[in-house]
$ cat upload09.tsv   # TSV, C-alpha atoms
chain	number	residue	atom	x	y	z
A	73	MET	CA	41.08	81.68	117.08
A	74	ARG	CA	37.42	82.56	116.61
A	75	GLU	CA	36.60	80.92	119.94
A	76	ASN	CA	39.34	82.88	121.64
A	77	LEU	CA	37.98	86.09	120.20
A	78	THR	CA	34.39	85.47	121.31
A	79	CYS	CA	35.71	84.44	124.71
A	80	PHE	CA	37.72	87.65	124.88
A	81	VAL	CA	34.61	89.70	124.07
A	82	SER	CA	32.54	87.91	126.67
A	83	CYS	CA	35.28	88.45	129.24
A	84	LEU	CA	35.25	92.16	128.60
A	85	GLN	CA	31.45	92.19	128.72
A	86	GLY	CA	31.51	90.26	131.96
A	87	ALA	CA	33.82	92.81	133.51
A	88	ASN	CA	31.77	95.70	132.09
A	89	THR	CA	34.77	97.08	130.24
A	90	PHE	CA	33.68	96.16	126.71
A	91	ASN	CA	32.14	99.52	125.83
A	92	PHE	CA	35.13	101.43	127.06
A	93	PHE	CA	37.49	99.12	125.16
A	94	VAL	CA	35.58	99.56	121.88
A	95	LEU	CA	35.42	103.32	122.32
A	96	SER	CA	39.12	103.77	123.06
A	97	SER	CA	40.12	101.38	120.25
A	98	ALA	CA	38.04	103.41	117.83
A	99	LEU	CA	39.72	106.59	119.08
A	100	ILE	CA	43.17	105.05	118.66
A	101	ILE	CA	42.45	103.91	115.11
A	102	LEU	CA	40.99	107.30	114.27
A	103	SER	CA	44.01	109.15	115.65
A	104	MET	CA	46.43	106.89	113.78
A	105	ILE	CA	44.60	107.64	110.51
A	106	LEU	CA	44.60	111.36	111.31
A	107	VAL	CA	48.31	111.35	112.16
A	108	ARG	CA	49.09	110.37	108.59
A	109	LYS	CA	46.79	113.06	107.17
A	110	LEU	CA	47.68	116.00	109.39
A	111	GLU	CA	50.15	118.73	108.47
A	112	GLY	CA	52.50	120.15	111.06
A	113	PHE	CA	54.81	118.16	113.28
A	114	GLU	CA	53.54	119.48	116.64
A	115	SER	CA	49.93	118.37	116.10
A	116	LYS	CA	51.08	115.05	114.62
A	117	LEU	CA	53.26	114.43	117.64
A	118	ARG	CA	50.42	115.27	120.05
A	119	LEU	CA	48.00	112.94	118.32
A	120	PHE	CA	50.56	110.13	118.18
A	121	VAL	CA	51.24	110.55	121.91
A	122	PHE	CA	47.49	110.46	122.58
A	123	ALA	CA	47.06	107.23	120.58
A	124	ASN	CA	49.95	105.55	122.38
A	125	ILE	CA	48.85	106.64	125.85
A	126	SER	CA	45.31	105.42	125.15
A	127	ALA	CA	46.68	102.10	123.95
A	128	LEU	CA	48.82	101.84	127.08
A	129	PHE	CA	45.73	102.46	129.23
A	130	ASN	CA	43.89	99.66	127.46
A	131	ILE	CA	46.52	97.15	128.49
A	132	PRO	CA	45.74	96.97	132.26
A	133	LEU	CA	42.07	97.11	131.33
A	134	VAL	CA	42.39	93.94	129.26
A	135	PHE	CA	44.47	92.22	131.94
A	136	TYR	CA	41.86	93.12	134.57
A	137	SER	CA	38.96	91.89	132.44
A	138	MET	CA	40.61	88.62	131.50
A	139	ASN	CA	41.36	87.84	135.13
A	140	TYR	CA	37.97	89.07	136.37
A	141	THR	CA	36.01	86.18	134.90
A	142	MET	CA	38.87	83.62	134.65
A	143	LYS	CA	37.10	81.81	131.84
A	144	CYS	CA	39.49	82.49	129.03
A	145	ASP	CA	42.89	81.14	128.08
A	146	SER	CA	45.22	84.01	128.93
A	147	SER	CA	48.57	82.37	128.06
A	148	LEU	CA	49.09	84.66	125.06
A	149	LEU	CA	48.28	87.64	127.21
A	150	ASN	CA	50.84	86.54	129.78
A	151	ILE	CA	53.55	86.32	127.13
A	152	TYR	CA	52.64	89.85	126.08
A	153	GLY	CA	52.89	90.88	129.74
A	154	ILE	CA	56.47	89.61	129.94
A	155	TYR	CA	57.26	91.38	126.65
A	156	LEU	CA	55.88	94.62	128.12
A	157	LEU	CA	58.18	94.35	131.11
A	158	LEU	CA	61.20	93.57	128.94
A	159	ILE	CA	60.84	96.40	126.41
A	160	PRO	CA	61.68	99.36	128.69
A	161	ALA	CA	64.67	97.51	130.10
A	162	VAL	CA	66.00	96.51	126.69
A	163	PHE	CA	65.30	99.96	125.25
A	164	LEU	CA	67.12	101.85	128.00
A	165	LEU	CA	70.00	99.38	128.07
A	166	SER	CA	70.54	99.50	124.30
A	167	MET	CA	70.53	103.33	124.37
A	168	THR	CA	73.41	103.51	126.84
A	169	LEU	CA	75.26	100.47	125.54
A	170	TYR	CA	75.21	101.62	121.91
A	171	GLY	CA	76.81	104.94	122.85
A	172	ARG	CA	79.53	103.21	124.83
A	173	LEU	CA	80.10	100.70	122.05
A	174	LEU	CA	80.72	103.50	119.53
A	175	VAL	CA	83.06	105.33	121.88
A	176	ARG	CA	85.00	102.13	122.44
A	177	LYS	CA	85.06	101.27	118.73
A	178	TYR	CA	86.31	104.63	117.47
A	179	GLY	CA	87.69	106.47	120.48
A	180	ILE	CA	87.16	110.12	121.26
A	181	ILE	CA	89.22	113.13	120.22
A	182	GLY	CA	89.43	115.76	122.98
A	183	SER	CA	86.80	118.15	121.68
A	184	GLU	CA	87.47	121.07	124.08
A	185	LYS	CA	91.00	121.42	122.77
A	186	ILE	CA	90.16	121.24	119.11
A	187	LEU	CA	86.90	123.04	118.77
A	188	PRO	CA	85.92	125.36	121.59
A	189	TRP	CA	83.37	127.04	119.36
A	190	ILE	CA	81.48	123.80	118.75
A	191	GLY	CA	80.70	123.58	122.45
A	192	GLU	CA	79.72	127.25	122.52
A	193	PHE	CA	77.51	126.99	119.45
A	194	VAL	CA	75.69	123.89	120.70
A	195	GLY	CA	75.53	125.29	124.24
A	196	ASP	CA	73.52	128.26	122.97
A	197	LEU	CA	70.95	125.89	121.47
A	198	VAL	CA	70.62	123.13	124.03
A	199	ASP	CA	72.25	121.65	127.12
A	200	ALA	CA	74.28	118.86	125.51
A	201	GLU	CA	77.76	117.38	125.42
A	202	VAL	CA	79.56	117.08	122.08
A	203	TYR	CA	81.93	114.21	121.37
A	204	ILE	CA	84.21	113.89	118.35
A	205	LEU	CA	84.63	110.30	117.22
A	206	ASN	CA	88.08	109.36	116.00
A	207	THR	CA	87.14	108.15	112.52
A	208	ALA	CA	87.69	109.58	109.03
A	209	ILE	CA	84.20	108.50	107.96
A	210	PRO	CA	81.69	111.35	108.35
A	211	LYS	CA	79.03	110.62	110.97
A	212	ALA	CA	76.68	112.69	113.11
A	213	PHE	CA	73.97	111.62	115.52
A	214	ALA	CA	72.42	112.40	118.89
A	215	MET	CA	71.79	110.01	121.72
A	216	GLY	CA	70.12	111.22	124.90
A	217	ARG	CA	71.97	114.40	125.85
A	218	LYS	CA	75.06	113.54	123.82
A	219	ILE	CA	75.88	114.64	120.29
A	220	PHE	CA	78.44	112.63	118.34
A	221	VAL	CA	80.21	113.98	115.26
A	222	SER	CA	83.22	112.35	113.64
A	223	GLY	CA	86.60	113.80	112.69
A	224	GLY	CA	85.75	112.88	109.10
A	225	LEU	CA	82.70	115.15	109.27
A	226	LEU	CA	84.83	118.08	110.45
A	227	GLU	CA	87.17	117.43	107.52
A	228	ILE	CA	84.62	117.68	104.74
A	229	LEU	CA	82.24	120.37	106.04
A	230	SER	CA	82.74	124.12	106.17
A	231	ARG	CA	82.08	125.87	109.45
A	232	GLU	CA	78.56	126.93	108.44
A	233	GLU	CA	77.71	123.46	107.14
A	234	LEU	CA	78.97	121.95	110.38
A	235	LYS	CA	76.75	124.36	112.33
A	236	ALA	CA	73.76	123.17	110.29
A	237	VAL	CA	74.48	119.54	111.18
A	238	LEU	CA	75.05	120.41	114.85
A	239	ALA	CA	71.78	122.38	114.98
A	240	HIS	CA	69.95	119.40	113.47
A	241	GLU	CA	71.34	117.13	116.17
A	242	ALA	CA	70.69	119.74	118.87
A	243	TYR	CA	67.01	119.60	117.91
A	244	HIS	CA	67.00	115.86	118.57
A	245	VAL	CA	68.54	116.47	122.00
A	246	LYS	CA	65.89	119.12	122.72
A	247	ASN	CA	63.19	116.63	121.77
A	248	ARG	CA	64.86	113.60	123.28
A	249	LYS	CA	61.66	112.71	125.15
A	250	ALA	CA	60.04	112.03	121.79
A	251	SER	CA	62.52	109.19	121.25
A	252	LEU	CA	60.87	107.44	124.22
A	253	LEU	CA	57.87	107.18	121.93
A	254	LYS	CA	59.79	104.67	119.87
A	255	GLY	CA	59.95	102.40	122.90
A	256	ILE	CA	56.29	102.99	123.73
A	257	SER	CA	55.21	102.26	120.18
A	258	MET	CA	57.05	98.96	120.44
A	259	MET	CA	54.88	98.18	123.47
A	260	THR	CA	51.59	99.26	121.90
A	261	PHE	CA	52.41	97.88	118.41
A	262	LEU	CA	51.30	101.19	116.87
A	263	PRO	CA	53.52	101.91	113.84
A	264	TYR	CA	56.14	104.60	114.51
A	265	VAL	CA	54.92	106.99	111.83
A	266	ILE	CA	56.52	110.22	113.08
A	267	GLY	CA	60.15	109.29	112.40
A	268	LYS	CA	60.34	111.09	109.05
A	269	ASP	CA	58.51	114.14	110.38
A	270	MET	CA	60.95	114.31	113.25
A	271	GLU	CA	63.87	114.51	110.80
A	272	LEU	CA	62.08	117.18	108.77
A	273	ALA	CA	61.39	119.20	111.92
A	274	ALA	CA	65.08	118.94	112.86
A	275	ASP	CA	65.97	120.19	109.38
A	276	GLU	CA	63.53	123.10	109.74
A	277	PHE	CA	65.15	124.02	113.03
A	278	ALA	CA	68.65	123.85	111.52
A	279	SER	CA	67.55	125.98	108.56
A	280	ALA	CA	66.13	128.58	110.92
A	281	VAL	CA	69.41	128.71	112.87
A	282	VAL	CA	72.00	128.81	110.06
A	283	GLY	CA	70.11	129.09	106.77
A	284	ARG	CA	68.78	126.40	104.47
A	285	GLU	CA	71.59	126.69	101.91
A	286	HIS	CA	74.20	125.50	104.42
A	287	LEU	CA	72.05	122.55	105.43
A	288	GLU	CA	71.50	121.59	101.79
A	289	SER	CA	75.18	121.80	100.88
A	290	ALA	CA	76.10	119.72	103.95
A	291	ARG	CA	73.55	117.10	102.89
A	292	LYS	CA	74.95	117.09	99.38
A	293	LYS	CA	78.52	116.57	100.60
A	294	LEU	CA	77.45	113.71	102.84
A	295	ARG	CA	75.49	112.08	100.02
A	296	GLU	CA	78.46	112.31	97.67
A	297	PHE	CA	81.06	111.10	100.15
B	150	MET	CA	102.38	70.41	98.38
B	151	VAL	CA	105.49	72.48	97.90
B	152	LYS	CA	104.80	76.19	98.22
B	153	LYS	CA	107.07	78.78	96.74
B	154	VAL	CA	107.93	81.45	99.28
B	155	ARG	CA	108.97	84.87	98.16
B	156	VAL	CA	109.06	87.88	100.43
B	157	GLU	CA	109.82	91.30	99.17
B	158	VAL	CA	109.14	94.51	101.10
B	159	SER	CA	108.71	97.03	98.32
B	160	GLY	CA	106.10	97.77	95.68
B	161	ARG	CA	103.75	94.84	95.19
B	162	GLY	CA	105.68	92.89	97.82
B	163	LEU	CA	103.89	94.98	100.45
B	164	GLU	CA	100.65	93.32	99.44
B	165	GLN	CA	101.77	90.27	101.39
B	166	PHE	CA	101.12	92.29	104.53
B	167	PHE	CA	98.56	94.84	103.37
B	168	SER	CA	95.55	94.99	101.06
B	169	PRO	CA	96.40	96.62	97.67
B	170	LEU	CA	94.99	100.02	98.72
B	171	GLU	CA	96.62	99.81	102.16
B	172	ALA	CA	99.95	99.05	100.48
B	173	ARG	CA	99.65	102.02	98.12
B	174	ILE	CA	98.75	104.33	101.00
B	175	MET	CA	101.71	103.07	103.07
B	176	ASP	CA	104.03	103.59	100.10
B	177	ILE	CA	102.94	107.22	99.75
B	178	LEU	CA	103.13	107.90	103.48
B	179	TRP	CA	106.66	106.45	103.62
B	180	MET	CA	107.66	108.48	100.58
B	181	LYS	CA	106.13	111.82	101.62
B	182	GLY	CA	106.35	111.47	105.40
B	183	LYS	CA	102.77	112.67	105.89
B	184	SER	CA	99.56	113.20	103.98
B	185	THR	CA	95.82	113.90	104.23
B	186	SER	CA	92.85	111.89	103.04
B	187	SER	CA	91.98	114.35	100.27
B	188	GLU	CA	95.58	114.35	99.02
B	189	LEU	CA	95.72	110.54	99.05
B	190	SER	CA	92.39	110.43	97.25
B	191	LYS	CA	93.80	112.64	94.48
B	192	ILE	CA	97.13	110.84	94.14
B	193	LEU	CA	95.59	107.37	94.10
B	194	ASN	CA	92.55	108.48	92.08
B	195	THR	CA	90.33	106.66	94.56
B	196	GLY	CA	87.08	107.79	96.20
B	197	LEU	CA	87.34	109.57	99.52
B	198	SER	CA	85.11	107.03	101.26
B	199	SER	CA	87.36	104.04	100.54
B	200	ILE	CA	90.44	106.11	101.44
B	201	ALA	CA	88.82	107.12	104.74
B	202	GLY	CA	87.79	103.55	105.59
B	203	THR	CA	91.24	102.19	104.76
B	204	LEU	CA	92.98	104.91	106.80
B	205	ASP	CA	90.72	104.07	109.76
B	206	ARG	CA	91.84	100.46	109.46
B	207	LEU	CA	95.54	101.37	109.23
B	208	VAL	CA	95.22	103.66	112.27
B	209	LYS	CA	93.46	100.95	114.23
B	210	SER	CA	96.10	98.35	113.41
B	211	GLY	CA	98.82	100.81	114.47
B	212	TYR	CA	100.71	101.23	111.18
B	213	VAL	CA	99.54	104.84	110.81
B	214	ARG	CA	98.86	107.57	113.34
B	215	ARG	CA	96.90	110.74	112.81
B	216	GLU	CA	96.59	114.17	114.33
B	217	MET	CA	93.81	116.67	113.93
B	218	VAL	CA	95.11	120.10	112.94
B	219	GLU	CA	93.46	123.40	112.11
B	220	GLU	CA	94.23	124.91	108.74
B	221	GLY	CA	92.55	128.17	107.79
B	222	GLY	CA	89.51	127.56	109.98
B	223	ARG	CA	89.09	124.00	108.67
B	224	PHE	CA	89.98	120.84	110.49
B	225	LYS	CA	92.03	118.07	108.97
B	226	PHE	CA	93.46	114.76	109.96
B	227	VAL	CA	97.15	114.59	109.06
B	228	TYR	CA	98.43	111.03	108.70
B	229	TYR	CA	101.95	109.82	109.50
B	230	PRO	CA	103.49	106.35	109.22
B	231	SER	CA	104.06	105.13	112.80
B	232	GLN	CA	107.33	103.50	111.78
B	233	SER	CA	109.76	104.02	108.90
B	234	ARG	CA	109.94	101.55	106.03
B	235	GLU	CA	113.22	100.28	107.50
B	236	GLU	CA	111.71	99.73	110.93
B	237	PHE	CA	108.79	97.96	109.33
B	238	ALA	CA	111.16	95.78	107.27
B	239	GLU	CA	113.14	94.95	110.38
B	240	LYS	CA	110.06	93.86	112.28
B	241	ILE	CA	108.88	91.70	109.39
B	242	THR	CA	112.37	90.17	108.97
B	243	GLU	CA	112.50	89.45	112.68
B	244	LYS	CA	109.12	87.77	112.50
B	245	ILE	CA	110.05	85.64	109.50
B	246	ILE	CA	113.45	84.61	110.84
B	247	SER	CA	112.14	83.70	114.28
B	248	SER	CA	109.42	81.61	112.69
B	249	LEU	CA	112.10	79.95	110.50
B	250	ILE	CA	114.22	79.23	113.55
B	251	GLU	CA	111.18	77.87	115.37
B	252	THR	CA	110.63	75.43	112.51
B	253	PHE	CA	114.18	74.47	111.49
B	254	GLY	CA	116.27	75.35	114.55
B	255	GLU	CA	120.04	75.70	114.23
B	256	ALA	CA	120.05	74.94	110.49
B	257	VAL	CA	118.73	78.46	109.90
B	258	VAL	CA	121.49	80.08	111.94
B	259	ASP	CA	124.11	77.95	110.15
B	260	SER	CA	122.71	78.92	106.78
B	261	PHE	CA	122.73	82.60	107.67
B	262	TYR	CA	126.28	82.32	108.88
B	263	ARG	CA	127.44	80.60	105.66
B	264	ASN	CA	125.52	82.84	103.26
B	265	TYR	CA	125.74	86.27	104.83
B	266	ARG	CA	129.08	86.21	106.68
B	267	GLY	CA	131.01	89.32	105.78
B	268	LYS	CA	128.20	90.63	103.54
B	269	LYS	CA	126.53	93.95	104.21

$ encode --input "upload09.tsv" --output "structure tokens"
Amino acid sequence: MRENLTCFVSCLQGANTFNFFVLSSALIILSMILVRKLEGFESKLRLFVFANISALFNIPLVFYSMNYTMKCDSSLLNIYGIYLLLIPAVFLLSMTLYGRLLVRKYGIIGSEKILPWIGEFVGDLVDAEVYILNTAIPKAFAMGRKIFVSGGLLEILSREELKAVLAHEAYHVKNRKASLLKGISMMTFLPYVIGKDMELAADEFASAVVGREHLESARKKLREF
Amino acid sequence: MVKKVRVEVSGRGLEQFFSPLEARIMDILWMKGKSTSSELSKILNTGLSSIAGTLDRLVKSGYVRREMVEEGGRFKFVYYPSQSREEFAEKITEKIISSLIETFGEAVVDSFYRNYRGKK
């Protein structure tokens, strides 16, 4: 292990990339510490993106350096390389497959017929399609440009509470690019620390659209179901 | 081992084909003709989440169907039994008799003829 590490360092030094590697690693660590300290979702998100992009840039650098001198055992690195190629494929596949799985499991109720105003309300916020899952258990989530709510959710929530939930999900559709970060953080091994902030930001957005009290009462009903 | 067989399609007898909660829900739906999850929850004094999960299961297995209706700006699933108690009983009887015939052949038909001839 220790030998591997010194070999790794000498490889980077041999390829003249050592200084750059140390500098960018320090920046990544610093940003990850700052992400936890910072207030405000936007700045957190920016810093987290920066850390991940920097980490992604380090990857070809390391591959280049290890192959430049050819002295070191790079079998571990090659396994990581295969992992890197697999992650985007698996991530994208699971996104589409999971949606289809749910639709097949529960079935869809024709939403246009039942709730024309749902489409209108969501359409004013974001360009998304709304699907109503045929289950009595309340559920709501967004996936890509699709928003899923269940018949059970429509049963227990008032119109205003339902709007709060839809606005929350609409925020996720608006910021769907941020969900790519989850995949990227799986590649860079940087912990996905913005998940909770993302939910809070979605709640803020929903509160701004329909009022906090409706969001709170919807949350309460869902908790007590 | 000799097993005692007893089939009865009412009250607790339904639990041969359904779980206890499923059986109680089916009983109410057959009695009332239709119901909603909140009504069933009140009548059976059972939490809404177990009622909802059980209704999902009954819908999936085809014993119950549901429609979404609007009622004063709110949306509700209304649940109906997909077949009457009599239809259900007939299907079960059919199933049991055909499995009896499969096992014992003509003896079953003979027995039915002797025991139920002329009876209604």

$ interface_residues --input "upload09.tsv" --of "chain B" --to "chain A" --cutoff "7 Å" --atoms "all atoms listed in the file" --output "MDAnalysis selection string"
chainID B and resid 197:198 201:202 205 223:225

$ residues_around --input "upload09.tsv" --residues "Asn88 in chain A" --least-positions-apart "5" --cutoff "12 Å" --atoms "all atoms listed in the file" --output "MDAnalysis selection string"
chainID A and resid 81:83 93:94 133:134 136:138 140:141

$ write_last_selection --input "upload09.tsv" --atoms "C-alpha atoms" --output "PDB file, in the frame of the given file"
ATOM      1  CA  VAL A  81      34.610  89.700 124.070  1.00  0.00           C
ATOM      2  CA  SER A  82      32.540  87.910 126.670  1.00  0.00           C
ATOM      3  CA  CYS A  83      35.280  88.450 129.240  1.00  0.00           C
ATOM      4  CA  PHE A  93      37.490  99.120 125.160  1.00  0.00           C
ATOM      5  CA  VAL A  94      35.580  99.560 121.880  1.00  0.00           C
ATOM      6  CA  LEU A 133      42.070  97.110 131.330  1.00  0.00           C
ATOM      7  CA  VAL A 134      42.390  93.940 129.260  1.00  0.00           C
ATOM      8  CA  TYR A 136      41.860  93.120 134.570  1.00  0.00           C
ATOM      9  CA  SER A 137      38.960  91.890 132.440  1.00  0.00           C
ATOM     10  CA  MET A 138      40.610  88.620 131.500  1.00  0.00           C
ATOM     11  CA  TYR A 140      37.970  89.070 136.370  1.00  0.00           C
ATOM     12  CA  THR A 141      36.010  86.180 134.900  1.00  0.00           C
TER      13      THR A 141
END

$ residues_around --input "upload09.tsv" --residues "range 103-110 of chain A" --least-positions-apart "5" --cutoff "7 Å" --atoms "only C-alpha atoms" --output "PyMOL selection string"
chain A and resi 116+119-120+123

$ residues_around --input "upload09.tsv" --residues "Gly171 in chain A" --least-positions-apart "5" --cutoff "9 Å" --atoms "all atoms listed in the file" --output "tab-separated table (two decimals) with C-alpha atoms, in the frame of the given file"
chain	number	residue	atom	x	y	z
A	166	SER	CA	70.54	99.50	124.30
A	176	ARG	CA	85.00	102.13	122.44
A	215	MET	CA	71.79	110.01	121.72
A	218	LYS	CA	75.06	113.54	123.82

$ atom_distance --input "upload09.tsv" --atom1 "CA of Arg217 in chain A" --atom2 "CA of Ala200 in chain A"
5.0 Å

$ atom_distance --input "upload09.tsv" --atom1 "CA of Lys183 in chain B" --atom2 "CA of Tyr228 in chain B"
5.4 Å

$ residues_around --input "upload09.tsv" --residues "Arg214 in chain B" --least-positions-apart "2" --cutoff "12 Å" --atoms "only C-alpha atoms" --output "ChimeraX atom specification"
/A:206-207 /B:175,178,182-185,204-212,216-217,226-232

$ closest_residue --input "upload09.tsv" --among "A:Ala127, A:Ile190, A:Cys79, A:Leu149" --to "Phe261 in chain A" --atoms "only C-alpha atoms"
A:Ala127

$ atom_distance --input "upload09.tsv" --atom1 "CA of Val221 in chain A" --atom2 "CA of Leu238 in chain A"
8.3 Å

$ closest_residue --input "upload09.tsv" --among "A:Glu232, A:Glu241, A:Asp275, A:Glu288" --to "Gly222 in chain B" --atoms "all atoms listed in the file"
A:Glu232

$ closest_residue --input "upload09.tsv" --among "B:Gly196, B:Val213, B:Tyr265, B:Gly221" --to "Arg234 in chain B" --atoms "all atoms listed in the file"
B:Val213

$ closest_residue --input "upload09.tsv" --among "A:Leu272, A:Leu262, A:Leu77, A:Val282" --to "Ile100 in chain A" --atoms "all atoms listed in the file"
A:Leu262

$ residues_around --input "upload09.tsv" --residues "Ala239 in chain A" --least-positions-apart "2" --cutoff "9 Å" --atoms "all atoms listed in the file" --output "list in words"
Phe193, Val194, Leu197, Leu234, Lys235, Ala236, Val237, Glu241, Ala242, Tyr243, His244, Ala274, Asp275, Phe277, Ala278, Ser279, Val281 and Val282 of chain A

$ residues_near_point --input "upload09.tsv" --point "(58.0, 102.0, 126.8)" --cutoff "8 Å" --atoms "all atoms listed in the file" --output "number ranges by chain"
A: 156, 159-160, 163, 252-259
